[in-house]
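**Q** Quick one, data37.txt (compact mmCIF, C-alpha atoms and all ligand atoms):
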# COMPACT_ATOMS: atom_id res chain seq x y z
CA MET A 125 -10.33 -25.51 8.57
CA ILE A 126 -10.14 -21.92 9.89
CA LYS A 127 -9.34 -21.09 13.45
CA VAL A 128 -9.34 -17.51 14.69
CA GLN A 129 -7.80 -17.45 18.14
CA ASN A 130 -8.02 -14.43 20.48
CA VAL A 131 -7.49 -12.00 17.63
CA SER A 132 -7.49 -8.23 18.17
CA LYS A 133 -6.71 -5.28 15.93
CA SER A 134 -6.23 -1.65 16.87
CA PHE A 135 -5.76 1.28 14.53
CA GLY A 136 -4.23 3.95 16.78
CA ASN A 137 -6.82 4.48 19.51
CA THR A 138 -9.57 2.56 17.70
CA ASP A 139 -10.06 -1.03 18.83
CA ALA A 140 -11.52 -2.34 15.56
CA VAL A 141 -11.51 -6.01 16.66
CA LYS A 142 -11.44 -7.09 20.29
CA ASP A 143 -10.30 -10.58 21.25
CA ILE A 144 -12.45 -12.60 18.87
CA SER A 145 -12.28 -16.39 18.55
CA PHE A 146 -14.19 -18.67 16.21
CA GLU A 147 -13.73 -21.73 14.06
CA VAL A 148 -15.09 -22.55 10.64
CA LYS A 149 -15.35 -26.16 9.55
CA ALA A 150 -14.62 -27.30 6.01
CA GLU A 151 -17.54 -26.64 3.63
CA GLU A 152 -19.33 -24.52 6.22
CA ASN A 153 -20.87 -21.15 5.40
CA LEU A 154 -20.18 -18.77 8.29
CA ILE A 155 -21.69 -15.30 8.38
CA LEU A 156 -20.21 -12.35 10.26
CA LEU A 157 -23.25 -10.19 10.93
CA GLY A 158 -23.27 -6.74 12.49
CA PRO A 159 -23.69 -3.00 11.97
CA SER A 160 -21.30 -0.83 10.02
CA GLY A 161 -18.02 -0.28 11.85
CA CYS A 162 -18.22 -3.38 14.08
CA GLY A 163 -15.02 -4.90 12.66
CA LYS A 164 -16.29 -7.33 10.00
CA THR A 165 -14.07 -6.19 7.12
CA THR A 166 -11.03 -5.94 9.38
CA THR A 167 -11.62 -9.56 10.42
CA LEU A 168 -11.81 -10.76 6.80
CA LYS A 169 -8.68 -8.81 5.89
CA MET A 170 -6.78 -10.39 8.75
CA ILE A 171 -7.74 -13.84 7.45
CA ASN A 172 -6.35 -13.00 4.00
CA THR A 173 -3.28 -11.34 5.63
CA LEU A 174 -4.00 -7.89 4.18
CA ILE A 175 -4.06 -6.68 7.80
CA LYS A 176 -1.78 -8.04 10.51
CA PRO A 177 -3.48 -8.71 13.86
CA SER A 178 -2.27 -6.67 16.85
CA ALA A 179 -2.67 -9.86 18.90
CA GLY A 180 -3.78 -13.44 18.41
CA THR A 181 -3.34 -15.97 15.63
CA ILE A 182 -5.31 -17.14 12.60
CA TYR A 183 -4.82 -20.69 11.35
CA ILE A 184 -5.83 -22.17 8.02
CA ASP A 185 -5.56 -25.95 8.09
CA GLY A 186 -3.42 -25.70 11.19
CA ARG A 187 -0.93 -23.20 9.77
CA ASP A 188 -0.51 -19.63 10.96
CA VAL A 189 -1.56 -17.50 7.95
CA MET A 190 1.15 -14.95 8.67
CA HIS A 191 3.73 -17.69 7.99
CA GLN A 192 2.10 -18.96 4.81
CA SER A 193 3.60 -18.20 1.38
CA PRO A 194 1.76 -15.67 -0.85
CA THR A 195 1.45 -18.26 -3.63
CA ILE A 196 -0.28 -20.77 -1.40
CA LEU A 197 -2.58 -18.04 -0.05
CA ARG A 198 -3.55 -17.04 -3.61
CA ARG A 199 -4.41 -20.64 -4.40
CA SER A 200 -6.34 -21.25 -1.22
CA ILE A 201 -8.32 -18.02 -0.75
CA GLY A 202 -10.84 -16.39 -3.08
CA TYR A 203 -11.83 -12.88 -2.05
CA VAL A 204 -14.95 -11.04 -3.16
CA LEU A 205 -14.46 -7.38 -2.33
CA GLN A 206 -17.07 -4.94 -1.18
CA ASN A 207 -18.61 -3.27 -4.29
CA ASN A 208 -16.97 -5.93 -6.52
CA GLY A 209 -13.56 -4.30 -6.51
CA LEU A 210 -13.29 -4.93 -10.25
CA PHE A 211 -10.51 -3.05 -12.04
CA PRO A 212 -12.45 -0.47 -14.08
CA HIS A 213 -9.81 -0.30 -16.84
CA PHE A 214 -9.72 -4.12 -17.26
CA THR A 215 -12.24 -6.04 -19.38
CA VAL A 216 -14.38 -8.75 -17.80
CA ALA A 217 -11.96 -11.40 -19.16
CA GLN A 218 -8.93 -9.53 -17.85
CA ASN A 219 -10.54 -9.08 -14.44
CA ILE A 220 -11.26 -12.79 -14.09
CA ALA A 221 -7.80 -13.69 -15.43
CA VAL A 222 -5.87 -11.85 -12.70
CA VAL A 223 -5.23 -14.83 -10.42
CA PRO A 224 -4.53 -17.28 -13.31
CA GLN A 225 -1.91 -14.79 -14.51
CA LEU A 226 -0.32 -14.63 -11.07
CA LEU A 227 -0.32 -18.42 -11.01
CA LYS A 228 1.13 -18.48 -14.55
CA TRP A 229 -1.59 -20.62 -16.10
CA GLU A 230 -1.42 -21.28 -19.83
CA LYS A 231 -3.67 -19.01 -21.87
CA ARG A 232 -5.82 -21.89 -23.11
CA ARG A 233 -6.47 -23.16 -19.58
CA THR A 234 -7.47 -19.65 -18.45
CA GLU A 235 -9.82 -19.15 -21.39
CA LYS A 236 -11.50 -22.50 -20.89
CA ARG A 237 -12.01 -21.85 -17.18
CA ILE A 238 -13.36 -18.33 -17.77
CA ARG A 239 -15.92 -19.62 -20.28
CA GLU A 240 -16.97 -22.38 -17.91
CA LEU A 241 -17.46 -19.90 -15.06
CA LEU A 242 -19.43 -17.43 -17.14
CA GLU A 243 -21.79 -20.21 -18.14
CA LYS A 244 -22.24 -21.37 -14.54
CA LEU A 245 -22.86 -17.80 -13.41
CA HIS A 246 -25.33 -17.10 -16.22
CA LEU A 247 -23.27 -14.39 -17.90
CA SER A 248 -23.16 -14.20 -21.68
CA PRO A 249 -19.71 -14.65 -23.28
CA ASN A 250 -20.57 -11.46 -25.17
CA TYR A 251 -19.47 -9.62 -22.04
CA LEU A 252 -15.89 -10.94 -22.10
CA GLN A 253 -14.52 -7.85 -23.77
CA ALA A 254 -16.87 -5.44 -21.95
CA TYR A 255 -15.73 -3.15 -19.15
CA PRO A 256 -17.31 -3.26 -15.67
CA HIS A 257 -19.20 0.04 -16.15
CA GLU A 258 -21.01 -1.50 -19.13
CA LEU A 259 -22.55 -4.16 -16.86
CA SER A 260 -25.45 -3.99 -14.41
CA GLY A 261 -24.77 -4.25 -10.67
CA GLY A 262 -25.87 -7.90 -10.63
CA GLN A 263 -23.62 -8.72 -13.57
CA GLN A 264 -20.65 -6.99 -11.96
CA GLN A 265 -21.32 -9.04 -8.84
CA ARG A 266 -21.18 -12.24 -10.89
CA VAL A 267 -17.86 -11.16 -12.42
CA GLY A 268 -16.50 -10.44 -8.93
CA LEU A 269 -17.55 -13.93 -7.88
CA ALA A 270 -16.04 -15.47 -11.03
CA ARG A 271 -12.76 -13.71 -10.31
CA ALA A 272 -12.71 -15.13 -6.78
CA LEU A 273 -13.65 -18.65 -7.93
CA VAL A 274 -11.41 -18.94 -10.97
CA ALA A 275 -8.60 -20.95 -9.36
CA ASP A 276 -11.10 -23.05 -7.37
CA PRO A 277 -9.86 -22.01 -3.91
CA PRO A 278 -11.17 -24.09 -1.00
CA LEU A 279 -11.84 -20.93 1.03
CA LEU A 280 -14.00 -18.05 -0.14
CA LEU A 281 -14.12 -14.74 1.76
CA MET A 282 -16.94 -12.41 0.75
CA ASP A 283 -17.32 -8.83 1.95
CA GLU A 284 -20.92 -7.60 1.60
CA PRO A 285 -21.06 -9.34 -1.79
CA PHE A 286 -24.70 -8.46 -2.46
CA GLY A 287 -24.74 -5.11 -0.65
CA ALA A 288 -25.04 -2.86 -3.68
CA LEU A 289 -27.93 -4.74 -5.31
CA ASP A 290 -31.60 -3.85 -5.35
CA ASN A 291 -33.92 -6.24 -3.48
CA VAL A 292 -35.21 -8.13 -6.51
CA THR A 293 -31.75 -8.76 -7.98
CA ARG A 294 -30.47 -9.63 -4.56
CA SER A 295 -33.03 -12.34 -3.83
CA LYS A 296 -32.48 -13.78 -7.33
CA ILE A 297 -28.74 -13.93 -6.71
CA HIS A 298 -29.32 -15.50 -3.27
CA ASP A 299 -31.20 -18.35 -4.95
CA GLU A 300 -28.47 -18.81 -7.55
CA PHE A 301 -25.83 -18.66 -4.84
CA LYS A 302 -27.48 -21.48 -2.91
CA ALA A 303 -27.84 -23.57 -6.07
CA LEU A 304 -24.29 -23.12 -7.37
CA ASP A 305 -22.42 -26.44 -7.32
CA GLU A 306 -19.02 -24.75 -7.26
CA LEU A 307 -19.87 -23.25 -3.89
CA LYS A 308 -21.12 -26.38 -2.19
CA ARG A 309 -17.66 -27.78 -1.46
CA LYS A 310 -16.27 -24.46 -0.30
CA THR A 311 -15.66 -23.05 3.11
CA ILE A 312 -17.20 -19.59 3.04
CA ILE A 313 -16.95 -16.64 5.38
CA MET A 314 -19.37 -13.91 4.38
CA VAL A 315 -19.73 -10.46 5.88
CA THR A 316 -23.08 -8.71 5.90
CA HIS A 317 -25.14 -6.21 7.88
CA ASP A 318 -28.36 -7.70 6.48
CA VAL A 319 -30.12 -9.97 8.99
CA GLN A 320 -32.31 -11.61 6.36
CA GLU A 321 -29.30 -12.42 4.20
CA ALA A 322 -27.44 -13.90 7.17
CA PHE A 323 -30.30 -16.18 8.16
CA GLU A 324 -30.98 -17.19 4.57
CA LEU A 325 -27.41 -18.08 3.60
CA GLY A 326 -25.55 -18.95 6.81
CA ASP A 327 -24.91 -22.38 8.32
CA ARG A 328 -23.71 -20.48 11.37
CA ILE A 329 -23.76 -16.80 12.30
CA CYS A 330 -21.37 -14.77 14.46
CA LEU A 331 -23.05 -11.60 15.65
CA MET A 332 -20.53 -8.78 16.03
CA ASP A 333 -20.85 -5.53 17.92
CA LYS A 334 -18.16 -2.92 18.55
CA GLY A 335 -15.33 -5.27 17.56
CA ALA A 336 -16.47 -8.23 19.64
CA ILE A 337 -18.43 -11.40 18.88
CA VAL A 338 -21.47 -11.09 21.14
CA GLN A 339 -23.35 -14.24 20.08
CA ALA A 340 -22.80 -17.21 17.78
CA GLY A 341 -24.77 -20.20 16.59
CA THR A 342 -26.86 -21.70 13.82
CA PRO A 343 -29.83 -19.62 12.65
CA THR A 344 -32.12 -21.94 14.61
CA GLU A 345 -30.04 -21.67 17.79
CA LEU A 346 -29.95 -17.89 17.53
CA LEU A 347 -33.71 -17.69 17.09
CA PHE A 348 -34.89 -20.24 19.63
CA LYS A 349 -32.22 -20.41 22.30
CA PRO A 350 -32.34 -17.53 24.81
P1 LIG B 1 -17.23 -3.11 9.31
O1 LIG B 1 -16.64 -3.94 8.21
O2 LIG B 1 -17.98 -3.92 10.30
O3 LIG B 1 -18.04 -1.96 8.79
P2 LIG B 1 -14.50 -2.28 9.78
O4 LIG B 1 -13.76 -3.53 10.05
O5 LIG B 1 -14.39 -1.70 8.41
O6 LIG B 1 -16.04 -2.49 10.16
O7 LIG B 1 -14.05 -1.15 10.80
C1 LIG B 1 -14.01 -1.35 12.21
C2 LIG B 1 -13.52 -0.09 12.90
O8 LIG B 1 -12.15 0.11 12.58
C3 LIG B 1 -14.23 1.18 12.47
O9 LIG B 1 -14.32 2.02 13.60
C4 LIG B 1 -13.32 1.76 11.43
O10 LIG B 1 -13.48 3.16 11.36
C5 LIG B 1 -11.96 1.36 11.95
N1 LIG B 1 -10.97 1.19 10.88
C6 LIG B 1 -11.02 0.27 9.89
N2 LIG B 1 -9.94 0.35 9.09
C7 LIG B 1 -9.18 1.36 9.57
C8 LIG B 1 -7.93 1.94 9.21
N3 LIG B 1 -7.24 1.49 8.16
N4 LIG B 1 -7.46 2.95 9.95
C9 LIG B 1 -8.14 3.39 11.00
N5 LIG B 1 -9.31 2.89 11.43
C10 LIG B 1 -9.83 1.89 10.73
P1 LIG B 2 -4.68 -9.09 -23.17
O1 LIG B 2 -4.55 -8.17 -24.32
O2 LIG B 2 -4.17 -8.56 -21.87
O3 LIG B 2 -4.27 -10.52 -23.45
P2 LIG B 2 -7.36 -10.13 -23.30
O4 LIG B 2 -8.66 -9.49 -23.00
O5 LIG B 2 -7.13 -10.63 -24.67
O6 LIG B 2 -6.25 -9.09 -22.90
O7 LIG B 2 -7.11 -11.34 -22.30
C1 LIG B 2 -7.10 -11.23 -20.90
C2 LIG B 2 -7.27 -12.60 -20.31
O8 LIG B 2 -8.59 -13.03 -20.53
C3 LIG B 2 -6.34 -13.62 -20.97
O9 LIG B 2 -5.70 -14.37 -19.95
C4 LIG B 2 -7.24 -14.52 -21.77
O10 LIG B 2 -6.86 -15.85 -21.55
C5 LIG B 2 -8.64 -14.26 -21.23
N1 LIG B 2 -9.55 -14.11 -22.37
C6 LIG B 2 -9.52 -13.16 -23.33
N2 LIG B 2 -10.48 -13.33 -24.23
C7 LIG B 2 -11.16 -14.42 -23.86
C8 LIG B 2 -12.27 -15.13 -24.41
N3 LIG B 2 -12.88 -14.75 -25.52
N4 LIG B 2 -12.71 -16.21 -23.75
C9 LIG B 2 -12.11 -16.61 -22.61
N5 LIG B 2 -11.07 -15.99 -22.04
C10 LIG B 2 -10.58 -14.92 -22.66
Is it possible to give me this structure as structure tokens?
**A**
Amino acid sequence: MIKVQNVSKSFGNTDAVKDISFEVKAEENLILLGPSGCGKTTTLKMINTLIKPSAGTIYIDGRDVMHQSPTILRRSIGYVLQNNGLFPHFTVAQNIAVVPQLLKWEKRRTEKRIRELLEKLHLSPNYLQAYPHELSGGQQQRVGLARALVADPPLLLMDEPFGALDNVTRSKIHDEFKALDELKRKTIIMVTHDVQEAFELGDRICLMDKGAIVQAGTPTELLFKP
């Protein structure tokens, strides 16, 4: 479904991403794992076209993303930003309704979908009119996920989605994440610097270091194959 082919990105003298290639199959959960500054976020942002590669090409379903229309990209990619990226001056409902508004959904359809998502993500509808700062970190994370999932995109990109959570909340959300039906049919690329998270949630892991992919494989392959 996703093909990243010899992609590089430089910012001035900084080579943020150096000639990386990988593929992600439909419904696979791929983890980009590596220390801070190794190029994970830049890679995700090139897939959603927020950053243009200096070299190389990224294909979604065989089409170069740089030649895809913004409307189709909005329908096909859900993005969970680092630290939620919720708009602080928007309510929970307004935050989740951003993409439906861009796609010009009818109000009733949006409301029905938002209620359905809140239920699936174990968030009380009482929070609909609340603002992000009134929620706990775990709740904000669920809203960020709801916002990315609202239009049911086949591809979900997640940038350190559980990074800001304490350990207890994080392992609870990991379990929910694995159990969530909505996610089972999705192709997911998740960025993390947490080894445990990568091995717990990934079907395959790409280990990144200084802008390059240094190793790749399933958790079992990475552990048992020299
Ligand atoms: P990670 O997500 O793994 O922490 P990033 O992709 O954010 O890494 O960053 C990779 C490298 O590129 C870092 O050295 C970072 O400082 C640099 N970088 C990222 N974005 C920019 C930018 N907009 N301008 C200049 N340098 C950047
Ligand atoms: P606005 O004043 O901008 O319409 P609202 O908070 O009323 O702000 O609505 C923002 C979005 O959230 C709308 O698209 C609406 O469909 C959705 N929404 C608002 N309230 C609810 C609710 N109680 N249940 C489900 N969705 C809601």
**Q** Could you check how far atom N3 of ligand LIG 1 (chain B) sits from atom CA of A:Arg199, in Å to one decimal?
**A**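 The value is 25.6 Å.
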**Q** Measure the distance from atom CA of A:Thr342 to atom CA of A:Lys142 in Å and round it to one decimal.
**A**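 Computed distance, atom CA of A:Thr342 to atom CA of A:Lys142, equals 22.2 Å.
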**Q** Mind listing the residues within 8 Å of ligand LIG 1 (chain B), only C-alpha atoms and all ligand atoms counted, as a PyMOL selection string?
**A** chain A and resi 134-136+138-141+158-167+283+315+317+332+334-335
**Q** Name the residues in contact with A:Ile313 at a cut-off of 6 Å, using only C-alpha atoms, excluding same-chain residues fewer than 6 positions from it; report them as number ranges by chain.
**A** A: 153-155, 281
**Q** Please give me, as a list in words, the residues lying within 8 Å of ligand LIG 2 (chain B) when counting only C-alpha atoms and all ligand atoms.
**A**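 Residues lying within 8 Å of ligand LIG 2 (chain B): Phe214, Thr215, Val216, Ala217, Gln218, Asn219, Ile220, Ala221, Val222, Pro224, Gln225, Glu230, Lys231, Arg232, Arg233, Thr234, Glu235, Lys236, Arg237, Ile238, Arg239, Pro249, Leu252 and Gln253 of chain A.
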**Q** Just give me the gap between atom CA of A:Asp143 and atom CA of A:Arg187 in Å, one decimal is fine.
**A** 19.5 Å
**Q** Using all atoms listed in the file, what residues lie at most 9 Å away from (-15.9, -3.8, -4.3) (file coordinates), given as a ChimeraX atom specification?
**A** /A:204-210,265,268,283-285
**Q** Please produce, as a tab-separated table, a per-residue contact table for stretch 151-201 of chain A versus stretch 269-273 of chain A (criterion: any atom at most 12 Å away, all atoms listed in the file considered), showing the nearest atom pair and its distance in Å to one decimal, sorted by chain then residue number.
**A**
residue	atom	partner	partner_atom	distance
A:Arg198	CA	A:Ala272	CA	9.9
A:Arg199	CA	A:Leu273	CA	10.1
A:Ser200	CA	A:Leu273	CA	10.3
A:Ile201	CA	A:Ala272	CA	8.0
**Q** Measuring atom to atom with only C-alpha atoms, identify which of A:Ile171, A:Val148, A:Val131, A:Ile297 is nearest to A:Met190.
**A**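 Between A:Ile171, A:Val148, A:Val131, A:Ile297, the residue approaching A:Met190 most closely is A:Ile171.
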**Q** For A:Leu197, which residue out of A:Glu151, A:Leu279, A:Pro256, A:Pro177 is the nearest one, using all atoms listed in the file?
**A**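 Nearest candidate to A:Leu197 out of A:Glu151, A:Leu279, A:Pro256, A:Pro177: A:Leu279.
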**Q** When you count only C-alpha atoms, which of these residues is closest to A:Gly180: A:Val319, A:Val292, A:Leu168, A:Val128?
**A**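 Among the listed residues, the smallest separation from A:Gly180 belongs to A:Val128.
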**Q** Select, from A:Asp185, A:Glu240, A:Glu152, A:Asp290, the residue with the minimum atom-to-atom distance to A:Arg328, counting all atoms listed in the file.
**A**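 Among A:Asp185, A:Glu240, A:Glu152, A:Asp290, it is A:Glu152 that comes nearest to A:Arg328.
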**Q** Would you list the contacts of A:Gln263 as an MDAnalysis selection string, taking every protein, DNA or RNA residue within 10 Å and counting all atoms listed in the file, but skipping same-chain residues closer than 5 positions in sequence?
**A** chainID A and resid 245:248 251 256 258 268:269 293
**Q** Pick out the closest residue to A:His191 from this set: A:Thr173, A:Ser178, A:Ala303, A:Ala322. Count all atoms listed in the file.
**A**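 Among the listed residues, the smallest separation from A:His191 belongs to A:Thr173.
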**Q** From the list A:Val274, A:Val338, A:Leu346, A:Val267, which residue is nearest A:Gly326 when using all atoms listed in the file?
**A**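 Among the listed residues, A:Leu346 lies closest to A:Gly326.
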**Q** Using all atoms listed in the file, which protein or nucleic acid residues come within 12 Å of A:Ser295? Drop anything in the same chain fewer than 6 positions from it, and give the result as an MDAnalysis selection string.
**A** chainID A and resid 262 286:287 289 301:302 320:321 324:325
